[in-house]
Each structure stands twice: as structure tokens, then as C-alpha cells.
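Notes to accompany the following structure.
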Amino acid sequence: MRQPEPIADYADTLARRLRFDIALARRVRTEVEDHLRESADELGGASPDNQLLAIAGFGDPDDLARQYAADCLLAQIQQVSIAVALAVIGVFLAMGSRVVWYSFTQWESNALLKRLVPIALPIDHYASLIAIGCAALGFGYLVTRRTPADFHAVYRRQLGVGLLLCGGAALALLAVVGVELVVTSCRIAAAMPSPAILVPALTVLAEIALVIAVIFRIAAAIRYAVIAGTLAK
């Protein structure tokens with residue numbers, strides 16, 4: 001007959017509650033089990049009764065899981081806001097470097113580009129403003145959040161607002177990069193096979209990579225938040 005192992009059962013229960021983050025679940029399970037076994041040893045040994053006494057002083061596994069979830073979810077979404085802010089900065093640095101390059105190489109606009117600019121420029125301008133505004137608001141909003149004593153629905157909604165702002169910035173940034181891709185492609189097509197096309201081609205590819213990375217990061221955070229949110233009261 002299996003010897004009762006309250007500490008192992010407690011650690012397993014806690015790990016199941018944290019299944020939305022496998023690495024977190026494993027780490028917390030190990031840390032909690034080690035701590036509880038040390039507490040049981042201090043009480044006189046690893047008997048089931050001593051294990052239960054150690055657990056009694058540690059708290060309900062659901063409450064503990066909610067606290068871990070609240071901490072980790074905030075950290076995840078704050079990291080997303082930083083990634084979005086850095087992506088916005090990176091895209092605008094890439095755009096600026098192209099402008100400098102065009103000036104340095106005295107790159108003339110072609111006829112197609114002259115027809116595109118009146119359409120593309122307003123889209124680029126307003127999408128840029130939205131991207132910067134949403135990224136700044138999202139970053140400012142999320143870095144001022146603090147983990148509550150318990151993981152409740154209001155806190156989950158607050159983090160949702162932060163994610164929404166990050167998503168808005170990413171979508172606006174996608175529009176900016178889309179416009180830049182079209183405009184840059186027109187420039188490159190007219191200048192091929194000149195080696196001067198290398199700088200604009202590489203910078204626009206870097207912008208695309210940044211936006212894709214941010215979108216995947218936001219999607220992962222949304223999935224994380226949805227699963228972790230099931231623990232909220």
C-alpha cells in the first residue's frame with residue numbers, strides 16, 4: 001500500500017494549477033516541495049502528520065497558484081509592452097536610416113513613387129502617430145501596475161487593457177511597415193541592379209522581422225493570459 005505523501009500531493013496540485021506555464025509549474029513544484037520537506041524535518045521528520053502540519057502553515061494551493069499567476073502574468077505583459085516600444089523605436093530608426101541613405105546617395109524619386117507619395121504619406125503619418133501613442137500609453141500603463149494581494153477579475157481586465165494597447169500599437173506599426181514596404185519596393189525596382197539598393201532592402205526586411213516578432217509575442221501573451229485567467233476569482 002502506498003505511503004501517504006501529503007507534501008508530494010500538495011506540490012502536484014499546485015503544479016497542475018500552474019499548467020499554463022510549464023517552466024513555472026516545474027520550478028514552483030520543486031521549490032515548494034523542498035521548502036515543505038525542510039519544514040517537516042524541523043517538526044521532527046517526514047511522517048504524514050508532520051507533512052500535514054508543514055502544509056497547514058503554507059496555505060491553500062489555489063491561493064498560492066493565484067498569487068504566482070498574478071505575478072507572472074504581469075511580468076509577461078510588461079515584457080510585451082517593452083518589446084512593442086523597442087519595435088516602434090527600431091522601425092523608426094530603420095526609416096530614418098533610409099532617409100539619410102537616400103540623401104547621401106542623391107536618390108531621385110521615380111514617376112511611380114511620385115504618384116504613390118500623396119496616398120502613402122498620410123497613411124504612414126497617422127499610423128505612426130497611433131503606433132507611438134499606443135506603445136507609450138501601453139508601456140506607461142503596464143509599468144505602473146502592481147500585483148494585487150489576490151488574482152481577481154478587475155486585475156485581469158486591467159492587464160487586458162494593457163494588452164489591447166500593445167496590440168493597437170502592433171497593428172498600427174504593421175500598417176507603417178506595409179506602406180514603407182510598398183514605397184521602398186518602388187524605389188528598389190527603379191534602381192536595380194545598383195548596389196545602393198542594399199541598405200533600403202535590409203532595413204525594410206529588419207522592420208518586417210520586428211513587427212512579426214512583436215505580433216507573435218503578443219499572441220503568446222494573450223494565450224498565456226487566457227489560460228492563467230481561469231484562476232482569477
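Labels for the C-alpha cells follow display order: chains A, B, ..., residues from 1 in each chain, ligands from 1.
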Set the distance at 12 Å and use only C-alpha atoms: which residues neighbour Arg26 (chain A) once local chain neighbours fewer than 2 positions away are removed? I'd like the list as JSON, numbers by chain.
{"A": [11, 12, 13, 14, 15, 16, 17, 18, 19, 20, 21, 22, 23, 24, 28, 29, 30, 31, 32, 33]}
Selection to disk with C-alpha atoms, as a PDB file, in the first residue's frame:
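In the end it all went to selection_1.pdb:
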```pdb
ATOM      1  CA  ALA A  11       3.091  20.090  -4.827  1.00  0.00           C
ATOM      2  CA  ASP A  12       1.371  18.152  -7.622  1.00  0.00           C
ATOM      3  CA  THR A  13      -1.866  20.060  -7.058  1.00  0.00           C
ATOM      4  CA  LEU A  14      -0.051  23.394  -7.175  1.00  0.00           C
ATOM      5  CA  ALA A  15       1.807  22.408 -10.360  1.00  0.00           C
ATOM      6  CA  ARG A  16      -1.490  21.474 -12.038  1.00  0.00           C
ATOM      7  CA  ARG A  17      -2.918  24.888 -11.182  1.00  0.00           C
ATOM      8  CA  LEU A  18       0.103  26.487 -12.884  1.00  0.00           C
ATOM      9  CA  ARG A  19      -0.061  24.334 -16.021  1.00  0.00           C
ATOM     10  CA  PHE A  20      -0.416  27.459 -18.186  1.00  0.00           C
ATOM     11  CA  ASP A  21       3.362  27.876 -17.741  1.00  0.00           C
ATOM     12  CA  ILE A  22       5.191  24.528 -17.717  1.00  0.00           C
ATOM     13  CA  ALA A  23       8.552  26.005 -16.711  1.00  0.00           C
ATOM     14  CA  LEU A  24       6.941  27.959 -13.867  1.00  0.00           C
ATOM     15  CA  VAL A  28       7.440  26.186  -8.192  1.00  0.00           C
ATOM     16  CA  ARG A  29       6.782  22.498  -7.586  1.00  0.00           C
ATOM     17  CA  THR A  30      10.450  21.889  -6.788  1.00  0.00           C
ATOM     18  CA  GLU A  31      10.812  24.993  -4.616  1.00  0.00           C
ATOM     19  CA  VAL A  32       7.617  24.379  -2.646  1.00  0.00           C
ATOM     20  CA  GLU A  33       8.282  20.696  -2.129  1.00  0.00           C
TER      21      GLU A  33
END
```
Rows by chain and residue number, region 137-162 of chain A within 10 Å of region 223-226 of chain A, shortest pair, only C-alpha atoms, as a Markdown table:
```
| residue | atom | partner | partner_atom | distance |
| --- | --- | --- | --- | --- |
| A:Arg156 | CA | A:Ala225 | CA | 8.1 |
| A:Leu159 | CA | A:Ala225 | CA | 8.5 |
| A:Gly160 | CA | A:Ala225 | CA | 8.3 |
```
Could you dump the residues just selected with N, CA and C atoms as a short mmCIF file (atom, residue, chain, number, x, y, z; two decimals), in the first residue's frame?
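Contents of the output file selection16.cif:
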```cif
data_model
loop_
_atom_site.label_atom_id
_atom_site.label_comp_id
_atom_site.auth_asym_id
_atom_site.auth_seq_id
_atom_site.Cartn_x
_atom_site.Cartn_y
_atom_site.Cartn_z
N ARG A 156 -7.35 41.25 -13.89
CA ARG A 156 -7.25 40.60 -15.20
C ARG A 156 -7.70 41.56 -16.29
N LEU A 159 -4.96 44.16 -16.99
CA LEU A 159 -3.90 43.63 -17.85
C LEU A 159 -4.40 43.50 -19.29
N GLY A 160 -5.69 43.20 -19.45
CA GLY A 160 -6.28 43.13 -20.78
C GLY A 160 -6.22 44.47 -21.50
#
```
Could you tell me which of A:Ala209, A:Ile227, A:Cys134, A:Ile222 comes closest to Gly168 (chain A) if we count only C-alpha atoms?
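Checking each candidate against Gly168 (chain A), we get A:Cys134 as the closest.
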Long-range neighbours of Ala196 (chain A) as a PyMOL selection string, 9 Å cut-off, only C-alpha atoms, 5 positions minimum in chain
chain A and resi 101+105+188+191
Between CA of Arg66 (chain A) and CA of Val80 (chain A) - distance in Å to one decimal
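Interatomic distance here is 20.9 Å.
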